[in-house]
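Structure file run19.pdb (PDB, C-alpha atoms) follows.
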```
ATOM      1  CA  MET A   1      -6.265  12.309  46.592
ATOM      2  CA  SER A   2      -6.424  14.988  43.917
ATOM      3  CA  ASP A   3      -8.768  14.575  40.953
ATOM      4  CA  THR A   4      -5.855  15.587  38.728
ATOM      5  CA  GLU A   5      -3.706  12.655  39.925
ATOM      6  CA  LYS A   6      -3.030  10.318  37.032
ATOM      7  CA  ILE A   7      -3.991   6.622  37.044
ATOM      8  CA  ASN A   8      -2.286   4.980  34.068
ATOM      9  CA  GLY A   9      -2.497   8.178  32.026
ATOM     10  CA  TYR A  10      -6.071   9.172  32.913
ATOM     11  CA  THR A  11      -6.825  11.707  35.621
ATOM     12  CA  ARG A  12      -8.671  10.199  38.580
ATOM     13  CA  GLU A  13     -11.755  12.161  37.541
ATOM     14  CA  GLU A  14     -11.676  10.772  33.995
ATOM     15  CA  ALA A  15     -10.968   7.223  35.214
ATOM     16  CA  LYS A  16     -13.955   7.444  37.564
ATOM     17  CA  GLU A  17     -16.116   8.833  34.782
ATOM     18  CA  LEU A  18     -15.154   5.884  32.552
ATOM     19  CA  VAL A  19     -15.871   3.323  35.281
ATOM     20  CA  ASP A  20     -19.248   4.895  36.102
ATOM     21  CA  TYR A  21     -20.124   5.180  32.411
ATOM     22  CA  ILE A  22     -19.308   1.523  31.680
ATOM     23  CA  ALA A  23     -21.106   0.296  34.806
ATOM     24  CA  ALA A  24     -24.245   2.265  33.951
ATOM     25  CA  GLY A  25     -24.142   1.187  30.317
ATOM     26  CA  LYS A  26     -23.802  -2.492  31.231
ATOM     27  CA  ARG A  27     -26.777  -2.232  33.580
ATOM     28  CA  GLU A  28     -28.758  -0.923  30.608
ATOM     29  CA  GLY A  29     -27.624  -3.858  28.485
ATOM     30  CA  LYS A  30     -25.395  -1.850  26.146
ATOM     31  CA  ALA A  31     -22.478  -3.563  24.397
ATOM     32  CA  LEU A  32     -18.985  -2.791  25.612
ATOM     33  CA  SER A  33     -17.847  -1.978  22.073
ATOM     34  CA  TYR A  34     -20.528   0.722  21.866
ATOM     35  CA  LEU A  35     -19.593   2.112  25.278
ATOM     36  CA  PHE A  36     -15.892   2.263  24.415
ATOM     37  CA  ALA A  37     -16.650   4.055  21.149
ATOM     38  CA  SER A  38     -19.071   6.571  22.634
ATOM     39  CA  PHE A  39     -16.840   7.360  25.615
ATOM     40  CA  GLY A  40     -13.851   7.754  23.313
ATOM     41  CA  LYS A  41     -15.766  10.073  20.995
ATOM     42  CA  THR A  42     -16.820  12.280  23.896
ATOM     43  CA  HIS A  43     -13.304  12.472  25.331
ATOM     44  CA  GLY A  44     -11.275  12.596  22.127
ATOM     45  CA  ARG A  45      -9.784   9.119  22.562
ATOM     46  CA  ALA A  46      -9.686   6.181  20.160
ATOM     47  CA  LYS A  47     -12.081   3.358  20.954
ATOM     48  CA  GLY A  48      -9.214   0.861  21.079
ATOM     49  CA  SER A  49      -7.358   3.079  23.534
ATOM     50  CA  VAL A  50     -10.397   3.277  25.816
ATOM     51  CA  ARG A  51     -10.879  -0.490  25.612
ATOM     52  CA  ASN A  52      -7.246  -1.180  26.487
ATOM     53  CA  TYR A  53      -7.327   1.276  29.382
ATOM     54  CA  TYR A  54     -10.502  -0.275  30.775
ATOM     55  CA  TYR A  55      -9.146  -3.821  30.765
ATOM     56  CA  THR A  56      -5.794  -2.722  32.185
ATOM     57  CA  LEU A  57      -7.592  -0.875  34.981
ATOM     58  CA  LEU A  58      -9.688  -3.897  35.923
ATOM     59  CA  LYS A  59      -6.580  -6.020  36.308
ATOM     60  CA  GLN A  60      -5.052  -3.663  38.878
ATOM     61  CA  ARG A  61      -7.015  -4.834  41.895
ATOM     62  CA  GLY A  62      -3.916  -4.429  44.061
ATOM     63  CA  ASP A  63      -3.966  -0.650  43.606
ATOM     64  CA  GLU A  64      -6.037   0.935  46.398
ATOM     65  CA  ARG A  65      -7.025   3.819  44.087
ATOM     66  CA  VAL A  66      -8.455   1.349  41.593
ATOM     67  CA  VAL A  67     -10.231  -0.584  44.347
ATOM     68  CA  ARG A  68     -12.015   2.590  45.411
ATOM     69  CA  LEU A  69     -12.944   3.449  41.824
ATOM     70  CA  LEU A  70     -14.448   0.010  41.214
ATOM     71  CA  ASP A  71     -16.192  -0.319  44.569
ATOM     72  CA  GLY A  72     -19.847  -1.163  44.086
ATOM     73  CA  THR A  73     -19.683  -1.393  40.286
ATOM     74  CA  ASN A  74     -19.501  -5.199  39.920
ATOM     75  CA  LEU A  75     -17.098  -4.725  37.013
ATOM     76  CA  SER A  76     -14.652  -7.562  36.492
ATOM     77  CA  VAL A  77     -12.699  -9.431  33.844
ATOM     78  CA  GLU A  78     -12.761 -13.199  33.763
ATOM     79  CA  LYS A  79      -9.424 -14.879  33.182
ATOM     80  CA  ILE A  80      -9.098 -16.635  29.833
ATOM     81  CA  ARG A  81      -7.623 -20.100  30.169
ATOM     82  CA  ALA A  82      -4.373 -20.409  28.250
ATOM     83  CA  PHE A  83      -3.937 -22.966  25.473
ATOM     84  CA  SER A  84      -2.201 -26.148  26.583
ATOM     85  CA  GLU A  85       0.617 -27.519  24.426
ATOM     86  CA  GLU A  86      -1.704 -30.246  23.130
ATOM     87  CA  GLU A  87      -4.421 -27.707  22.306
ATOM     88  CA  THR A  88      -1.899 -25.487  20.543
ATOM     89  CA  ASP A  89      -0.802 -28.331  18.260
ATOM     90  CA  ALA A  90      -4.415 -29.370  17.659
ATOM     91  CA  VAL A  91      -5.307 -25.798  16.694
ATOM     92  CA  LEU A  92      -2.325 -25.604  14.347
ATOM     93  CA  ARG A  93      -3.157 -28.925  12.705
ATOM     94  CA  SER A  94      -6.759 -27.927  12.138
ATOM     95  CA  ILE A  95      -5.892 -24.496  10.692
ATOM     96  CA  LEU A  96      -3.160 -25.839   8.413
ATOM     97  CA  ALA A  97      -5.338 -28.720   7.246
ATOM     98  CA  GLU A  98      -7.979 -26.200   6.173
ATOM     99  CA  LYS A  99      -5.381 -23.945   4.557
ATOM    100  CA  ALA A 100      -4.061 -26.923   2.596
ATOM    101  CA  LYS A 101      -7.431 -26.911   0.815
ATOM    102  CA  GLY A 102      -6.567 -23.488  -0.583
ATOM    103  CA  LEU A 103      -8.519 -21.473   1.971
ATOM    104  CA  SER A 104      -7.460 -18.162   3.467
ATOM    105  CA  VAL A 105      -6.490 -18.017   7.143
ATOM    106  CA  ARG A 106      -9.725 -16.211   7.896
ATOM    107  CA  ARG A 107     -11.897 -18.811   6.159
ATOM    108  CA  ALA A 108      -9.917 -21.696   7.636
ATOM    109  CA  ILE A 109     -10.391 -20.441  11.182
ATOM    110  CA  ARG A 110     -14.052 -19.584  10.691
ATOM    111  CA  ASN A 111     -14.664 -23.104   9.381
ATOM    112  CA  ILE A 112     -13.054 -24.552  12.497
ATOM    113  CA  THR A 113     -14.976 -22.336  14.905
ATOM    114  CA  ALA A 114     -18.283 -22.606  13.048
ATOM    115  CA  GLY A 115     -18.536 -18.805  13.111
ATOM    116  CA  ASP A 116     -18.039 -18.408  16.895
ATOM    117  CA  GLU A 117     -16.572 -14.885  16.912
ATOM    118  CA  LYS A 118     -14.868 -15.051  20.291
ATOM    119  CA  LEU A 119     -13.227 -18.350  19.501
ATOM    120  CA  THR A 120     -12.296 -17.039  16.045
ATOM    121  CA  LEU A 121     -10.566 -14.072  17.671
ATOM    122  CA  ARG A 122      -8.611 -16.318  20.043
ATOM    123  CA  LEU A 123      -7.484 -18.642  17.273
ATOM    124  CA  GLN A 124      -6.479 -15.770  14.984
ATOM    125  CA  ASN A 125      -4.403 -14.230  17.770
ATOM    126  CA  LYS A 126      -2.860 -17.584  18.629
ATOM    127  CA  TYR A 127      -2.032 -18.415  15.018
ATOM    128  CA  ARG A 128      -0.474 -15.008  14.396
ATOM    129  CA  ASN A 129       1.642 -15.288  17.563
ATOM    130  CA  LEU A 130       2.813 -18.760  16.587
ATOM    131  CA  LEU A 131       3.842 -17.564  13.142
ATOM    132  CA  LYS A 132       5.759 -14.700  14.692
ATOM    133  CA  LYS A 133       7.316 -16.380  17.731
ATOM    134  CA  GLN A 134       7.415 -20.108  16.930
ATOM    135  CA  PRO A 135       7.761 -20.444  13.139
ATOM    136  CA  GLU A 136       9.652 -23.736  13.475
ATOM    137  CA  ARG A 137       6.756 -25.223  15.397
ATOM    138  CA  VAL A 138       4.385 -24.188  12.630
ATOM    139  CA  ARG A 139       6.681 -25.740  10.012
ATOM    140  CA  LYS A 140       6.942 -29.019  11.929
ATOM    141  CA  VAL A 141       3.173 -29.333  12.238
ATOM    142  CA  ALA A 142       2.805 -28.454   8.547
ATOM    143  CA  GLU A 143       5.314 -31.165   7.618
ATOM    144  CA  SER A 144       3.522 -33.690   9.852
ATOM    145  CA  LEU A 145       0.445 -33.077   7.697
ATOM    146  CA  GLY A 146       2.428 -33.798   4.554
ATOM    147  CA  MET A 147       2.789 -30.172   3.481
ATOM    148  CA  PRO A 148       6.128 -29.537   1.714
ATOM    149  CA  PRO A 149       8.467 -27.067   3.479
ATOM    150  CA  SER A 150       7.929 -24.517   0.718
ATOM    151  CA  ALA A 151       4.194 -24.533   1.450
ATOM    152  CA  ALA A 152       4.558 -23.979   5.203
ATOM    153  CA  PRO A 153       3.261 -20.535   6.287
ATOM    154  CA  VAL A 154       5.867 -17.903   7.104
ATOM    155  CA  LEU A 155       5.284 -14.470   8.646
ATOM    156  CA  ARG A 156       7.735 -12.134   6.964
ATOM    157  CA  MET A 157       9.555  -9.454   8.901
ATOM    158  CA  ASN A 158       7.813  -6.647   7.031
ATOM    159  CA  LYS A 159       4.084  -6.164   7.423
ATOM    160  CA  THR A 160       2.650  -8.326   4.702
ATOM    161  CA  ALA A 161      -0.850  -7.983   3.365
ATOM    162  CA  LEU A 162      -1.732 -11.143   5.324
ATOM    163  CA  GLN A 163      -0.530  -9.671   8.605
ATOM    164  CA  ARG A 164      -2.316  -6.391   8.010
ATOM    165  CA  ARG A 165      -5.490  -8.241   7.049
ATOM    166  CA  LEU A 166      -5.296 -10.375  10.187
ATOM    167  CA  GLU A 167      -4.865  -7.274  12.347
ATOM    168  CA  GLU A 168      -7.845  -5.616  10.686
ATOM    169  CA  GLU A 169      -9.956  -8.739  11.160
ATOM    170  CA  ILE A 170      -8.968  -8.988  14.814
ATOM    171  CA  ASP A 171      -9.827  -5.326  15.408
ATOM    172  CA  ALA A 172     -13.180  -5.805  13.701
ATOM    173  CA  LEU A 173     -13.931  -8.871  15.789
ATOM    174  CA  VAL A 174     -13.022  -7.146  19.039
ATOM    175  CA  GLU A 175     -15.509  -4.408  18.225
ATOM    176  CA  ARG A 176     -18.306  -6.967  17.995
ATOM    177  CA  LEU A 177     -17.428  -8.892  21.119
ATOM    178  CA  THR A 178     -19.088  -8.339  24.471
ATOM    179  CA  GLU A 179     -18.784 -10.892  27.235
ATOM    180  CA  GLY A 180     -19.230 -14.636  27.891
ATOM    181  CA  LEU A 181     -15.666 -15.887  28.259
ATOM    182  CA  LYS A 182     -16.770 -18.989  30.134
ATOM    183  CA  ALA A 183     -18.863 -20.135  27.196
ATOM    184  CA  GLU A 184     -15.953 -19.390  24.887
ATOM    185  CA  ASN A 185     -13.592 -21.554  26.910
ATOM    186  CA  ALA A 186     -16.088 -24.407  27.000
ATOM    187  CA  ALA A 187     -16.523 -24.177  23.232
ATOM    188  CA  LEU A 188     -12.773 -24.195  22.741
ATOM    189  CA  ARG A 189     -12.305 -27.261  24.908
ATOM    190  CA  ALA A 190     -15.067 -29.116  23.101
ATOM    191  CA  ARG A 191     -13.698 -28.166  19.701
ATOM    192  CA  VAL A 192     -10.142 -29.200  20.543
ATOM    193  CA  GLU A 193     -11.356 -32.537  21.923
ATOM    194  CA  TYR A 194     -13.319 -33.083  18.732
ATOM    195  CA  LEU A 195     -10.296 -32.251  16.571
ATOM    196  CA  GLU A 196      -8.036 -34.490  18.617
ATOM    197  CA  ASN A 197     -10.473 -37.374  18.278
ATOM    198  CA  LEU A 198     -10.634 -36.871  14.535
ATOM    199  CA  HIS A 199      -6.836 -36.855  14.369
ATOM    200  CA  LYS A 200      -6.613 -40.091  16.373
ATOM    201  CA  GLU A 201      -9.119 -41.821  14.103
ATOM    202  CA  LYS A 202      -7.063 -41.058  10.989
TER     203      LYS A 202
END
```
For this file, write the structure as structure tokens.
Amino acid sequence: MSDTEKINGYTREEAKELVDYIAAGKREGKALSYLFASFGKTHGRAKGSVRNYYYTLLKQRGDERVVRLLDGTNLSVEKIRAFSEEETDAVLRSILAEKAKGLSVRRAIRNITAGDEKLTLRLQNKYRNLLKKQPERVRKVAESLGMPPSAAPVLRMNKTALQRRLEEEIDALVERLTEGLKAENAALRARVEYLENLHKEK
């Protein structure tokens, strides 16, 4: 196989260099965000682009070229458990209840997650996707909390300041994240159970 053969837009040589660089950096205890940034700077690529390429590459275990690149590196991505329908509604209720106090989305979510950055990132992404793809669901949950229809959050078609701010916050959070998805999932489950119990007691 030629070193100039492309694997998802990178030459095989560059893909191997990235894999070896990340593997070595992780063995030295360096944060992934730092490794993405430094590799990107060296190769004239944006940090976000390097990050996305890396995670896409790790998911392609069925590609023999990728298998050979990753052989012996111990690099892997743990699967994040998806939100259940009950968890989704619990998350919405908790965010909207905080927003009803006059808080921003960012503050509302950080209050719920007690500052857990990985969980904050997941909830911000989930909330933004719900606003975009399931606005009626958001409105129904808002109404169930006694919020008037006019107060229910709406994501406008144009990029509002809120949407841009959320995207900036998500990008900033991703830069500070490293690993530990199992702990994140456990924290999420515990938090949702706590919120559900509070809701049942009311």
Convert the output of the PyMOL selection byres ((chain A and resi 62-67) around 10) on the shown file into explicit residues, formatted as a ChimeraX atom specification.
/A:1,7,12,15-16,19,57-61,68-72
Keeping C-alpha atoms for every residue in the selection just given, could you write it to a file as a JSON list (two decimals), in the coordinates of the input?
```json
[["chain", "number", "residue", "atom", "x", "y", "z"],
["A", 1, "MET", "CA", -6.26, 12.31, 46.59],
["A", 7, "ILE", "CA", -3.99, 6.62, 37.04],
["A", 12, "ARG", "CA", -8.67, 10.20, 38.58],
["A", 15, "ALA", "CA", -10.97, 7.22, 35.21],
["A", 16, "LYS", "CA", -13.96, 7.44, 37.56],
["A", 19, "VAL", "CA", -15.87, 3.32, 35.28],
["A", 57, "LEU", "CA", -7.59, -0.88, 34.98],
["A", 58, "LEU", "CA", -9.69, -3.90, 35.92],
["A", 59, "LYS", "CA", -6.58, -6.02, 36.31],
["A", 60, "GLN", "CA", -5.05, -3.66, 38.88],
["A", 61, "ARG", "CA", -7.02, -4.83, 41.90],
["A", 68, "ARG", "CA", -12.02, 2.59, 45.41],
["A", 69, "LEU", "CA", -12.94, 3.45, 41.82],
["A", 70, "LEU", "CA", -14.45, 0.01, 41.21],
["A", 71, "ASP", "CA", -16.19, -0.32, 44.57],
["A", 72, "GLY", "CA", -19.85, -1.16, 44.09]]
```
Using the chain letters and numbers from the file, which residues does the PyMOL selection byres ((chain A and resi 34) around 10) grab, as a PyMOL selection string?
chain A and resi 22+25+30-33+35-40+47+175-176+178
What lies within 12 Å of Ala82 (chain A) using all atoms listed in the file, ignoring chain neighbours under 3 positions off, as number ranges by chain?
A: 79, 85-88, 122-123, 126, 185, 188-189
May I have the residues within 9 Å of region 94-103 of chain A as a list of chain:residue names, using all atoms listed in the file and disregarding those fewer than 2 positions away in the same chain?
A:Asp89, A:Ala90, A:Val91, A:Leu92, A:Val105, A:Arg106, A:Arg107, A:Ala108, A:Ile109, A:Asn111, A:Ile112, A:Leu123, A:Tyr127, A:Val138, A:Val141, A:Ala142, A:Leu145, A:Met147, A:Ala151, A:Ala152, A:Pro153, A:Leu195
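When CA of Thr113 (chain A) is paired with CA of Ala190 (chain A), their separation reads 10.6 Å.
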Would you give the centre and edge lengths, in Å to one decimal, of a box along x, y and z around the listed atoms of region 11-30 of chain A, with 8 Å added to each side, as JSON?
```
{"center_x": -17.8, "center_y": 4.2, "center_z": 32.4, "size_x": 37.9, "size_y": 32.0, "size_z": 28.4}
```
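Relative to CA of Asn74 (chain A), CA of Thr56 (chain A) is found at 15.9 Å.
When CA of Ser49 (chain A) is paired with CA of Glu14 (chain A), their separation reads 13.7 Å.
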